[in-house]
$ cat target-v6.csv   # CSV, C-alpha atoms and all ligand atoms
chain,number,residue,atom,x,y,z
A,1,MET,CA,-24.9,30.0,-84.7
A,2,PRO,CA,-24.7,27.6,-81.7
A,3,LYS,CA,-26.6,28.6,-78.6
A,4,MET,CA,-24.3,29.9,-75.8
A,5,MET,CA,-24.3,29.9,-72.0
A,6,ARG,CA,-22.4,31.8,-69.4
A,7,ALA,CA,-20.1,30.0,-67.0
A,8,VAL,CA,-17.0,30.4,-64.8
A,9,GLN,CA,-13.9,28.4,-65.7
A,10,VAL,CA,-10.3,27.9,-64.6
A,11,SER,CA,-8.0,28.0,-67.6
A,12,LYS,CA,-4.6,27.7,-66.0
A,13,PRO,CA,-3.3,26.2,-62.7
A,14,GLY,CA,-3.6,28.8,-60.0
A,15,GLY,CA,-5.4,31.3,-62.3
A,16,ALA,CA,-8.4,33.3,-61.4
A,17,PHE,CA,-12.0,32.1,-62.0
A,18,GLU,CA,-13.0,33.7,-65.3
A,19,LEU,CA,-16.5,34.6,-66.5
A,20,VAL,CA,-16.8,33.2,-70.0
A,21,GLU,CA,-19.3,32.3,-72.7
A,22,ARG,CA,-19.4,28.6,-73.7
A,23,GLU,CA,-21.3,26.7,-76.3
A,24,LEU,CA,-24.5,25.2,-74.8
A,25,PRO,CA,-23.8,21.4,-74.8
A,26,GLU,CA,-26.5,19.2,-76.4
A,27,PRO,CA,-27.4,16.1,-74.4
A,28,ALA,CA,-26.2,12.8,-76.1
A,29,SER,CA,-27.9,9.5,-75.4
A,30,GLY,CA,-28.1,8.8,-71.7
A,31,GLN,CA,-27.4,12.4,-70.7
A,32,ILE,CA,-29.5,15.2,-69.1
A,33,ARG,CA,-29.0,18.9,-69.3
A,34,ILE,CA,-29.7,20.7,-66.0
A,35,GLN,CA,-30.5,24.4,-65.6
A,36,VAL,CA,-28.4,25.2,-62.5
A,37,GLU,CA,-30.2,27.2,-59.8
A,38,ALA,CA,-27.4,27.1,-57.2
A,39,CYS,CA,-24.0,25.6,-56.8
A,40,GLY,CA,-22.0,25.3,-53.6
A,41,ILE,CA,-18.3,26.1,-53.3
A,42,CYS,CA,-16.5,23.1,-51.9
A,43,HIS,CA,-12.9,23.0,-50.6
A,44,SER,CA,-12.3,20.3,-53.3
A,45,ASP,CA,-12.9,22.9,-56.0
A,46,ALA,CA,-9.3,24.0,-55.1
A,47,LEU,CA,-8.2,20.9,-56.9
A,48,VAL,CA,-9.5,22.4,-60.2
A,49,LYS,CA,-8.3,26.0,-59.4
A,50,PHE,CA,-4.7,24.8,-58.8
A,51,GLY,CA,-4.8,22.1,-61.5
A,52,ALA,CA,-4.0,19.6,-58.8
A,53,TYR,CA,-6.3,16.6,-59.6
A,54,PRO,CA,-4.4,13.8,-61.5
A,55,GLY,CA,-5.4,13.8,-65.1
A,56,LEU,CA,-7.4,17.1,-65.0
A,57,SER,CA,-7.4,19.0,-68.2
A,58,LEU,CA,-8.0,22.8,-68.3
A,59,PRO,CA,-10.0,24.8,-69.1
A,60,ARG,CA,-12.6,23.3,-66.7
A,61,ILE,CA,-15.8,24.6,-65.2
A,62,PRO,CA,-15.7,23.5,-61.5
A,63,GLY,CA,-18.6,22.8,-59.2
A,64,HIS,CA,-20.1,19.6,-57.7
A,65,GLU,CA,-22.8,20.8,-55.3
A,66,ILE,CA,-25.4,21.4,-57.9
A,67,ALA,CA,-29.1,22.1,-57.5
A,68,GLY,CA,-31.3,22.8,-60.5
A,69,ARG,CA,-34.0,21.5,-62.8
A,70,VAL,CA,-33.8,19.1,-65.8
A,71,GLU,CA,-34.1,21.3,-68.9
A,72,LYS,CA,-33.5,18.8,-71.7
A,73,VAL,CA,-33.0,15.0,-71.8
A,74,GLY,CA,-31.1,13.0,-74.4
A,75,ALA,CA,-32.2,9.8,-76.1
A,76,ASN,CA,-32.8,6.7,-73.9
A,77,VAL,CA,-33.3,8.7,-70.7
A,78,THR,CA,-36.5,7.3,-69.1
A,79,GLU,CA,-36.3,8.3,-65.4
A,80,TRP,CA,-36.1,12.1,-65.9
A,81,LYS,CA,-38.2,14.7,-67.7
A,82,LYS,CA,-38.0,18.4,-68.2
A,83,GLY,CA,-38.8,20.3,-65.0
A,84,ASP,CA,-37.7,17.7,-62.5
A,85,ARG,CA,-35.9,19.1,-59.5
A,86,VAL,CA,-32.4,17.4,-59.3
A,87,GLY,CA,-29.1,17.6,-57.6
A,88,VAL,CA,-25.6,16.4,-58.7
A,89,GLY,CA,-22.6,15.8,-56.4
A,90,TRP,CA,-19.0,14.7,-56.7
A,91,HIS,CA,-20.0,11.3,-58.1
A,92,GLY,CA,-20.6,12.2,-61.8
A,93,GLY,CA,-21.5,8.8,-63.3
A,94,HIS,CA,-20.4,5.2,-63.4
A,95,CYS,CA,-20.0,2.3,-65.8
A,96,PHE,CA,-22.5,-0.3,-64.5
A,97,VAL,CA,-20.3,-3.2,-65.5
A,98,CYS,CA,-17.0,-3.2,-63.4
A,99,ASN,CA,-16.7,-5.4,-60.3
A,100,ALA,CA,-17.7,-2.6,-57.9
A,101,CYS,CA,-20.7,-1.5,-60.1
A,102,ARG,CA,-21.9,-5.2,-60.2
A,103,LYS,CA,-22.0,-5.1,-56.4
A,104,GLY,CA,-24.0,-1.8,-56.5
A,105,LEU,CA,-21.0,0.1,-55.1
A,106,PHE,CA,-21.2,2.8,-57.7
A,107,ILE,CA,-19.1,5.3,-55.7
A,108,ASN,CA,-16.2,2.8,-56.0
A,109,CYS,CA,-16.6,2.4,-59.8
A,110,GLU,CA,-13.3,1.7,-61.5
A,111,ARG,CA,-14.3,4.1,-64.3
A,112,GLN,CA,-16.0,6.7,-62.1
A,113,GLN,CA,-16.5,10.1,-63.5
A,114,ILE,CA,-16.2,13.2,-61.2
A,115,THR,CA,-18.5,16.2,-61.7
A,116,GLY,CA,-16.5,19.4,-62.4
A,117,ILE,CA,-13.3,17.4,-62.9
A,118,SER,CA,-13.9,14.6,-65.5
A,119,TYR,CA,-16.3,17.0,-67.3
A,120,ASP,CA,-17.6,20.6,-66.8
A,121,GLY,CA,-19.4,21.2,-63.5
A,122,GLY,CA,-22.0,23.5,-62.0
A,123,TYR,CA,-20.5,27.0,-62.0
A,124,ALA,CA,-22.6,27.6,-65.1
A,125,GLU,CA,-26.1,28.3,-66.3
A,126,TYR,CA,-26.3,24.7,-67.5
A,127,VAL,CA,-24.5,21.5,-66.7
A,128,MET,CA,-24.8,18.2,-68.6
A,129,VAL,CA,-24.4,14.9,-66.7
A,130,PRO,CA,-25.0,11.2,-67.3
A,131,HIS,CA,-28.6,10.3,-66.1
A,132,GLU,CA,-27.3,8.1,-63.3
A,133,ALA,CA,-25.4,11.0,-61.7
A,134,ALA,CA,-28.6,12.9,-60.6
A,135,ALA,CA,-30.7,12.5,-57.5
A,136,ARG,CA,-34.2,14.0,-56.9
A,137,ILE,CA,-34.2,17.1,-54.6
A,138,PRO,CA,-37.6,17.2,-52.7
A,139,GLU,CA,-39.5,20.4,-53.7
A,140,LYS,CA,-39.7,21.6,-50.1
A,141,LEU,CA,-35.9,22.2,-49.9
A,142,ASP,CA,-34.6,25.6,-51.0
A,143,ALA,CA,-32.1,25.2,-53.9
A,144,ALA,CA,-29.3,27.3,-52.4
A,145,GLU,CA,-29.6,25.5,-49.0
A,146,ALA,CA,-29.9,22.1,-50.6
A,147,ALA,CA,-26.9,22.4,-53.0
A,148,PRO,CA,-24.3,21.7,-50.3
A,149,LEU,CA,-26.1,18.5,-49.3
A,150,LEU,CA,-24.9,17.0,-52.5
A,151,CYS,CA,-21.3,17.0,-51.2
A,152,ALA,CA,-21.0,18.1,-47.5
A,153,GLY,CA,-24.4,16.5,-46.7
A,154,ILE,CA,-23.7,13.0,-48.2
A,155,THR,CA,-20.1,12.9,-47.0
A,156,THR,CA,-21.3,13.1,-43.4
A,157,TYR,CA,-24.6,11.2,-43.8
A,158,SER,CA,-22.9,8.2,-45.4
A,159,PRO,CA,-20.5,7.3,-42.5
A,160,LEU,CA,-23.1,8.2,-39.8
A,161,HIS,CA,-25.6,5.9,-41.5
A,162,HIS,CA,-23.1,3.2,-42.4
A,163,TRP,CA,-21.8,2.9,-38.8
A,164,GLY,CA,-25.4,2.8,-37.4
A,165,VAL,CA,-25.6,6.1,-35.5
A,166,GLY,CA,-28.9,6.4,-33.7
A,167,PRO,CA,-30.8,7.2,-30.5
A,168,GLY,CA,-29.0,6.5,-27.2
A,169,GLN,CA,-25.5,6.8,-28.7
A,170,LYS,CA,-22.8,9.4,-27.8
A,171,VAL,CA,-21.3,10.7,-31.1
A,172,GLY,CA,-18.5,13.1,-31.6
A,173,ILE,CA,-18.0,15.4,-34.6
A,174,VAL,CA,-14.5,16.9,-34.9
A,175,GLY,CA,-14.4,20.4,-36.6
A,176,LEU,CA,-17.2,22.8,-37.4
A,177,GLY,CA,-16.7,23.8,-41.0
A,178,GLY,CA,-18.8,22.9,-44.1
A,179,LEU,CA,-18.7,19.2,-43.4
A,180,GLY,CA,-18.7,19.4,-39.6
A,181,HIS,CA,-21.8,21.6,-39.4
A,182,MET,CA,-23.8,19.1,-41.5
A,183,GLY,CA,-22.4,16.3,-39.4
A,184,VAL,CA,-23.7,17.9,-36.2
A,185,LYS,CA,-27.2,18.5,-37.8
A,186,ILE,CA,-27.5,15.0,-39.2
A,187,ALA,CA,-26.2,13.1,-36.1
A,188,ALA,CA,-28.6,15.1,-33.9
A,189,ALA,CA,-31.5,14.4,-36.3
A,190,LEU,CA,-30.5,10.6,-36.2
A,191,GLY,CA,-31.2,10.9,-32.4
A,192,ALA,CA,-27.6,10.8,-31.1
A,193,HIS,CA,-26.2,12.8,-28.2
A,194,VAL,CA,-23.8,15.0,-30.2
A,195,VAL,CA,-20.5,16.4,-28.8
A,196,LEU,CA,-18.6,18.9,-31.0
A,197,PHE,CA,-14.8,19.1,-30.8
A,198,THR,CA,-13.3,22.3,-31.9
A,199,THR,CA,-10.1,24.3,-31.4
A,200,SER,CA,-12.1,27.6,-31.3
A,201,PRO,CA,-14.1,28.2,-28.1
A,202,ASP,CA,-16.0,31.0,-30.0
A,203,LYS,CA,-17.8,28.3,-32.1
A,204,THR,CA,-19.6,27.0,-29.0
A,205,ALA,CA,-22.8,29.0,-29.4
A,206,ASP,CA,-23.2,28.0,-33.0
A,207,ALA,CA,-22.5,24.3,-32.3
A,208,LEU,CA,-25.3,24.3,-29.7
A,209,ARG,CA,-27.7,26.1,-32.1
A,210,LEU,CA,-26.9,23.5,-34.8
A,211,GLY,CA,-27.8,20.6,-32.6
A,212,ALA,CA,-24.8,19.7,-30.5
A,213,SER,CA,-25.5,18.9,-26.8
A,214,GLU,CA,-21.9,19.6,-25.6
A,215,VAL,CA,-18.8,21.3,-27.0
A,216,VAL,CA,-15.3,20.3,-26.0
A,217,VAL,CA,-12.3,22.5,-26.8
A,218,SER,CA,-9.8,19.9,-28.1
A,219,LYS,CA,-6.7,21.8,-26.9
A,220,ASP,CA,-8.0,21.4,-23.3
A,221,ALA,CA,-6.4,18.1,-22.2
A,222,ALA,CA,-8.5,17.9,-19.0
A,223,ALA,CA,-11.7,18.5,-20.9
A,224,MET,CA,-10.8,15.7,-23.3
A,225,GLN,CA,-9.8,13.3,-20.5
A,226,LYS,CA,-13.3,13.6,-19.0
A,227,HIS,CA,-14.7,11.9,-22.1
A,228,ALA,CA,-12.2,9.0,-22.3
A,229,GLY,CA,-13.6,5.7,-23.4
A,230,SER,CA,-17.2,7.0,-23.7
A,231,PHE,CA,-18.0,7.5,-27.4
A,232,ASP,CA,-19.9,5.1,-29.7
A,233,PHE,CA,-18.7,6.8,-32.8
A,234,ILE,CA,-16.6,9.8,-33.8
A,235,LEU,CA,-16.6,11.5,-37.2
A,236,ASP,CA,-13.5,13.6,-37.9
A,237,THR,CA,-13.9,16.3,-40.6
A,238,VAL,CA,-10.6,18.1,-40.1
A,239,SER,CA,-8.1,18.0,-43.0
A,240,ALA,CA,-5.3,19.8,-41.2
A,241,VAL,CA,-2.7,17.6,-39.5
A,242,HIS,CA,-3.8,16.9,-35.9
A,243,ASP,CA,-3.5,14.2,-33.2
A,244,LEU,CA,-5.9,11.3,-34.1
A,245,ASN,CA,-4.7,9.3,-30.9
A,246,ALA,CA,-6.4,11.9,-28.7
A,247,TYR,CA,-9.7,11.0,-30.3
A,248,LEU,CA,-9.1,7.2,-30.5
A,249,GLU,CA,-8.7,7.3,-26.7
A,250,LEU,CA,-12.3,8.7,-26.4
A,251,LEU,CA,-13.8,5.6,-28.1
A,252,LYS,CA,-15.6,2.8,-26.2
A,253,LEU,CA,-14.8,-0.9,-26.7
A,254,ASP,CA,-15.3,-1.8,-30.4
A,255,ALA,CA,-16.2,1.8,-31.4
A,256,THR,CA,-15.0,3.5,-34.6
A,257,LEU,CA,-13.3,6.8,-35.5
A,258,THR,CA,-14.0,7.6,-39.1
A,259,GLN,CA,-12.0,10.2,-41.1
A,260,VAL,CA,-13.7,12.3,-43.9
A,261,GLY,CA,-11.1,15.0,-43.5
A,262,ALA,CA,-7.8,13.9,-45.0
A,263,PRO,CA,-4.5,15.4,-43.6
A,264,PRO,CA,-2.1,15.7,-46.5
A,265,GLN,CA,0.8,14.0,-44.6
A,266,PRO,CA,0.9,10.6,-42.9
A,267,VAL,CA,-0.2,10.9,-39.2
A,268,PRO,CA,1.4,9.0,-36.2
A,269,LEU,CA,-0.8,6.2,-34.8
A,270,SER,CA,-0.5,4.8,-31.3
A,271,VAL,CA,-1.5,1.2,-32.0
A,272,PHE,CA,-1.9,0.2,-28.3
A,273,GLY,CA,-4.9,2.5,-28.2
A,274,LEU,CA,-6.5,0.3,-30.9
A,275,ILE,CA,-5.5,-3.1,-29.6
A,276,PHE,CA,-6.7,-3.0,-26.0
A,277,LYS,CA,-10.3,-1.8,-26.8
A,278,ARG,CA,-10.6,-3.4,-30.2
A,279,ARG,CA,-11.1,0.1,-31.6
A,280,ARG,CA,-11.3,0.9,-35.3
A,281,LEU,CA,-9.9,3.8,-37.4
A,282,ALA,CA,-11.7,4.1,-40.7
A,283,GLY,CA,-12.2,6.4,-43.7
A,284,SER,CA,-15.2,7.2,-45.8
A,285,ALA,CA,-15.6,9.0,-49.2
A,286,ILE,CA,-18.8,10.9,-50.3
A,287,GLY,CA,-21.5,8.2,-50.7
A,288,GLY,CA,-23.3,6.5,-53.6
A,289,ILE,CA,-26.2,7.8,-55.6
A,290,ARG,CA,-28.8,5.6,-53.8
A,291,GLU,CA,-27.6,6.8,-50.4
A,292,THR,CA,-27.6,10.4,-51.7
A,293,GLN,CA,-31.3,10.0,-52.5
A,294,GLU,CA,-31.9,8.6,-49.1
A,295,MET,CA,-30.0,11.5,-47.5
A,296,LEU,CA,-32.0,14.1,-49.5
A,297,ASP,CA,-35.3,12.5,-48.4
A,298,PHE,CA,-34.1,12.3,-44.8
A,299,CYS,CA,-33.1,16.0,-44.9
A,300,ALA,CA,-36.5,17.0,-46.3
A,301,GLU,CA,-38.3,14.9,-43.7
A,302,HIS,CA,-36.3,16.5,-40.8
A,303,GLY,CA,-36.2,20.0,-42.3
A,304,LEU,CA,-32.4,19.9,-42.6
A,305,THR,CA,-30.4,22.1,-45.0
A,306,ALA,CA,-26.9,23.7,-45.0
A,307,ASP,CA,-26.3,27.1,-43.4
A,308,VAL,CA,-25.2,29.1,-46.4
A,309,GLU,CA,-23.9,32.5,-47.5
A,310,VAL,CA,-25.4,33.1,-51.0
A,311,ILE,CA,-23.1,35.1,-53.4
A,312,ARG,CA,-23.4,36.4,-56.9
A,313,ILE,CA,-21.0,34.7,-59.3
A,314,GLN,CA,-19.2,37.9,-59.9
A,315,GLU,CA,-18.0,37.6,-56.2
A,316,ILE,CA,-16.4,34.2,-56.6
A,317,ASN,CA,-12.7,35.1,-56.5
A,318,ALA,CA,-13.2,37.0,-53.2
A,319,ALA,CA,-15.4,34.2,-51.8
A,320,PHE,CA,-12.7,31.7,-52.6
A,321,GLU,CA,-10.1,33.7,-50.7
A,322,ARG,CA,-12.4,33.9,-47.7
A,323,LEU,CA,-13.0,30.1,-47.9
A,324,LYS,CA,-9.3,29.4,-47.7
A,325,LYS,CA,-9.2,31.3,-44.4
A,326,GLY,CA,-12.3,29.4,-43.1
A,327,ASP,CA,-14.2,32.6,-43.1
A,328,VAL,CA,-17.7,31.3,-44.0
A,329,LYS,CA,-20.7,30.1,-42.1
A,330,TYR,CA,-20.8,27.4,-43.4
A,331,ARG,CA,-20.9,27.2,-47.1
A,332,PHE,CA,-20.7,29.7,-50.0
A,333,VAL,CA,-23.4,29.0,-52.6
A,334,ILE,CA,-23.5,30.8,-55.9
A,335,ASP,CA,-26.9,32.0,-57.0
A,336,MET,CA,-26.9,31.2,-60.8
A,337,ALA,CA,-29.6,33.9,-61.4
A,338,SER,CA,-26.6,36.2,-61.2
A,339,LEU,CA,-25.3,34.7,-64.5
A,340,ARG,CA,-28.5,35.4,-66.5
B,401,ZN,ZN,-17.0,18.6,-52.4
B,402,ZN,ZN,-18.1,0.7,-62.7
$ encode --input "target-v6.csv" --output "structure tokens"
Amino acid sequence: MPKMMRAVQVSKPGGAFELVERELPEPASGQIRIQVEACGICHSDALVKFGAYPGLSLPRIPGHEIAGRVEKVGANVTEWKKGDRVGVGWHGGHCFVCNACRKGLFINCERQQITGISYDGGYAEYVMVPHEAAARIPEKLDAAEAAPLLCAGITTYSPLHHWGVGPGQKVGIVGLGGLGHMGVKIAAALGAHVVLFTTSPDKTADALRLGASEVVVSKDAAAMQKHAGSFDFILDTVSAVHDLNAYLELLKLDATLTQVGAPPQPVPLSVFGLIFKRRRLAGSAIGGIRETQEMLDFCAEHGLTADVEVIRIQEINAAFERLKKGDVKYRFVIDMASLR
């Protein structure tokens, strides 16, 4: 009889998350098996739930905000041993030999694997991943609060770090959801003066508590105008269609607006706003594994974690409905002890 594990899977597009028993996978050469302690629920898990990711095959166990411990290692794994505290995010492994990998840009690997999409993810007692997909989670970070760092944390840390955010700078964060709340915390920890942009005035108190120095209600044109031409960097986490030009106008000469939220349709761009101040509009995806490790160490050093609502796995369908309405502060995390 093979050993079994409990997990939650999606077996048809748009179907419910189903609690199932699966055969416990045995790590092959280069793989590690992780006992999952906690797994965050990311908006991108909807790509699995609705069968929307190109090439996705169902049934699939979703989940790419994983915190746990190495439980078994396959042959030829030298950097991990049983008991190591690890995390796994969206980036689920790379080939080491393509053009991007040869430059060390593993996140851009031409044969990149995606956790919870290319193979089964973290909504389970155990997950098996290639050894290069894991990063070390410092012991001082709580598993449930650290899990969302593996996606929401690195997705905001990577652009803030890449564009050199630091002390003395005025930095905008657009939107206060799973990504935005980490963006505020990380930008403030990097020493910047953080301004949160939101459409909901009732988020003001929370934004200030999380580290913002100012809050601007983006629907208030006069309030926006006061900040014209004053920002060193703006990180936009909103994936609903909205006016990017309003934010481009707030940038200084040579400053950058970076999108990590992706509106589904093309958005109008007023190019004069770019030309006369040599402004840049950019995008950024997740972050590589080396940068993920740097982010986890930075978060441990500064005592940063996600604000989470911990749920039992039996509550996942209800939690997902609330997530769709934005009704969570600020990330649902599944406690995997509820599976055992
Ligand atoms: Zn994600
Ligand atoms: Zn590659």
$ closest_residue --input "target-v6.csv" --among "A:Gly261, A:Ile34, A:Gln113, A:Asp45" --to "Lys82 (chain A)" --atoms "only C-alpha atoms"
A:Ile34
$ closest_residue --input "target-v6.csv" --among "A:Glu37, A:Glu132, A:Asp335, A:Glu301" --to "ligand ZN 402 (chain B)" --atoms "only C-alpha atoms and all ligand atoms"
A:Glu132
$ atom_distance --input "target-v6.csv" --atom1 "CA of Leu269 (chain A)" --atom2 "CA of Gly283 (chain A)"
14.5 Å
$ residues_around --input "target-v6.csv" --residues "Gly183 (chain A)" --least-positions-apart "3" --cutoff "9 Å" --atoms "only C-alpha atoms" --output "list in words"
Ala152, Gly153, Thr155, Thr156, Tyr157, Leu160, Ile173, Leu176, Gly178, Leu179, Gly180, Ile186, Ala187, Ala188, Leu235 and Thr237 of chain A
$ closest_atom_pairs --input "target-v6.csv" --of "chain A" --to "ligand ZN 401 (chain B)" --cutoff "8 Å" --atoms "only C-alpha atoms and all ligand atoms" --output "tab-separated table"
residue	atom	partner	partner_atom	distance
A:Ile41	CA	B:ZN401	ZN	7.7
A:Cys42	CA	B:ZN401	ZN	4.6
A:His43	CA	B:ZN401	ZN	6.3
A:Ser44	CA	B:ZN401	ZN	5.1
A:Asp45	CA	B:ZN401	ZN	6.9
A:His64	CA	B:ZN401	ZN	6.2
A:Glu65	CA	B:ZN401	ZN	6.8
A:Gly89	CA	B:ZN401	ZN	7.4
A:Trp90	CA	B:ZN401	ZN	6.1
A:Cys151	CA	B:ZN401	ZN	4.7
A:Ala152	CA	B:ZN401	ZN	6.3
$ closest_residue --input "target-v6.csv" --among "A:Gly63, A:Gly164, A:Gly288, A:Gly74" --to "ligand ZN 402 (chain B)" --atoms "all atoms listed in the file"
A:Gly288
$ residues_around --input "target-v6.csv" --residues "Pro148 (chain A)" --least-positions-apart "6" --cutoff "8 Å" --atoms "all atoms listed in the file" --output "short mmCIF file (atom, residue, chain, number, x, y, z; two decimals) with C-alpha atoms, in the frame of the given file"
data_model
loop_
_atom_site.label_atom_id
_atom_site.label_comp_id
_atom_site.auth_asym_id
_atom_site.auth_seq_id
_atom_site.Cartn_x
_atom_site.Cartn_y
_atom_site.Cartn_z
CA CYS A 39 -24.00 25.60 -56.80
CA GLY A 40 -22.00 25.30 -53.60
CA GLU A 65 -22.80 20.80 -55.30
CA ILE A 66 -25.40 21.40 -57.90
CA ALA A 306 -26.90 23.70 -45.00
CA ARG A 331 -20.90 27.20 -47.10
CA VAL A 333 -23.40 29.00 -52.60
#
$ atom_distance --input "target-v6.csv" --atom1 "CA of Lys49 (chain A)" --atom2 "CA of Ala16 (chain A)"
7.6 Å
$ residues_around --input "target-v6.csv" --residues "region 117-128 of chain A" --least-positions-apart "6" --cutoff "8 Å" --atoms "only C-alpha atoms" --output "MDAnalysis selection string"
chainID A and resid 5:9 24:25 27 31:37 39 48 53 56 60:66 334 336 339:340
$ closest_residue --input "target-v6.csv" --among "A:Arg290, A:Lys81, A:Arg69, A:Lys103" --to "ligand ZN 402 (chain B)" --atoms "all atoms listed in the file"
A:Lys103
$ build_atoms --input "target-v6.csv" --residues "region 229-246 of chain A" --atoms "N, CA and C atoms" --output "PDB file, keeping the file's coordinate frame"
ATOM      1  N   GLY A 229     -12.929   6.982 -23.317  1.00  0.00           N
ATOM      2  CA  GLY A 229     -13.600   5.700 -23.400  1.00  0.00           C
ATOM      3  C   GLY A 229     -15.141   5.773 -23.399  1.00  0.00           C
ATOM      4  N   SER A 230     -15.727   6.893 -23.855  1.00  0.00           N
ATOM      5  CA  SER A 230     -17.200   7.000 -23.700  1.00  0.00           C
ATOM      6  C   SER A 230     -17.955   7.167 -25.041  1.00  0.00           C
ATOM      7  N   PHE A 231     -17.258   7.230 -26.166  1.00  0.00           N
ATOM      8  CA  PHE A 231     -18.000   7.500 -27.400  1.00  0.00           C
ATOM      9  C   PHE A 231     -18.292   6.207 -28.214  1.00  0.00           C
ATOM     10  N   ASP A 232     -19.494   6.178 -28.791  1.00  0.00           N
ATOM     11  CA  ASP A 232     -19.900   5.100 -29.700  1.00  0.00           C
ATOM     12  C   ASP A 232     -19.312   5.273 -31.084  1.00  0.00           C
ATOM     13  N   PHE A 233     -19.141   6.541 -31.474  1.00  0.00           N
ATOM     14  CA  PHE A 233     -18.700   6.800 -32.800  1.00  0.00           C
ATOM     15  C   PHE A 233     -18.150   8.260 -32.859  1.00  0.00           C
ATOM     16  N   ILE A 234     -17.054   8.470 -33.593  1.00  0.00           N
ATOM     17  CA  ILE A 234     -16.600   9.800 -33.800  1.00  0.00           C
ATOM     18  C   ILE A 234     -16.307  10.037 -35.293  1.00  0.00           C
ATOM     19  N   LEU A 235     -16.822  11.156 -35.819  1.00  0.00           N
ATOM     20  CA  LEU A 235     -16.600  11.500 -37.200  1.00  0.00           C
ATOM     21  C   LEU A 235     -15.664  12.724 -37.245  1.00  0.00           C
ATOM     22  N   ASP A 236     -14.516  12.551 -37.896  1.00  0.00           N
ATOM     23  CA  ASP A 236     -13.500  13.600 -37.900  1.00  0.00           C
ATOM     24  C   ASP A 236     -13.447  14.258 -39.274  1.00  0.00           C
ATOM     25  N   THR A 237     -13.804  15.556 -39.307  1.00  0.00           N
ATOM     26  CA  THR A 237     -13.900  16.300 -40.600  1.00  0.00           C
ATOM     27  C   THR A 237     -12.718  17.199 -40.839  1.00  0.00           C
ATOM     28  N   VAL A 238     -11.705  17.123 -39.987  1.00  0.00           N
ATOM     29  CA  VAL A 238     -10.600  18.100 -40.100  1.00  0.00           C
ATOM     30  C   VAL A 238      -9.510  17.578 -41.025  1.00  0.00           C
ATOM     31  N   SER A 239      -9.112  18.410 -41.991  1.00  0.00           N
ATOM     32  CA  SER A 239      -8.100  18.000 -43.000  1.00  0.00           C
ATOM     33  C   SER A 239      -6.713  18.526 -42.639  1.00  0.00           C
ATOM     34  N   ALA A 240      -6.603  19.397 -41.643  1.00  0.00           N
ATOM     35  CA  ALA A 240      -5.300  19.800 -41.200  1.00  0.00           C
ATOM     36  C   ALA A 240      -4.665  18.692 -40.355  1.00  0.00           C
ATOM     37  N   VAL A 241      -3.324  18.636 -40.295  1.00  0.00           N
ATOM     38  CA  VAL A 241      -2.700  17.600 -39.500  1.00  0.00           C
ATOM     39  C   VAL A 241      -3.038  17.825 -38.006  1.00  0.00           C
ATOM     40  N   HIS A 242      -3.499  16.775 -37.339  1.00  0.00           N
ATOM     41  CA  HIS A 242      -3.800  16.900 -35.900  1.00  0.00           C
ATOM     42  C   HIS A 242      -3.695  15.475 -35.296  1.00  0.00           C
ATOM     43  N   ASP A 243      -3.789  15.403 -33.959  1.00  0.00           N
ATOM     44  CA  ASP A 243      -3.500  14.200 -33.200  1.00  0.00           C
ATOM     45  C   ASP A 243      -4.737  13.245 -33.206  1.00  0.00           C
ATOM     46  N   LEU A 244      -4.724  12.200 -34.018  1.00  0.00           N
ATOM     47  CA  LEU A 244      -5.900  11.300 -34.100  1.00  0.00           C
ATOM     48  C   LEU A 244      -5.921  10.423 -32.773  1.00  0.00           C
ATOM     49  N   ASN A 245      -4.744  10.177 -32.151  1.00  0.00           N
ATOM     50  CA  ASN A 245      -4.700   9.300 -30.900  1.00  0.00           C
ATOM     51  C   ASN A 245      -5.569   9.912 -29.825  1.00  0.00           C
ATOM     52  N   ALA A 246      -5.605  11.241 -29.750  1.00  0.00           N
ATOM     53  CA  ALA A 246      -6.400  11.900 -28.700  1.00  0.00           C
ATOM     54  C   ALA A 246      -7.879  11.518 -28.864  1.00  0.00           C
TER      55      ALA A 246
END
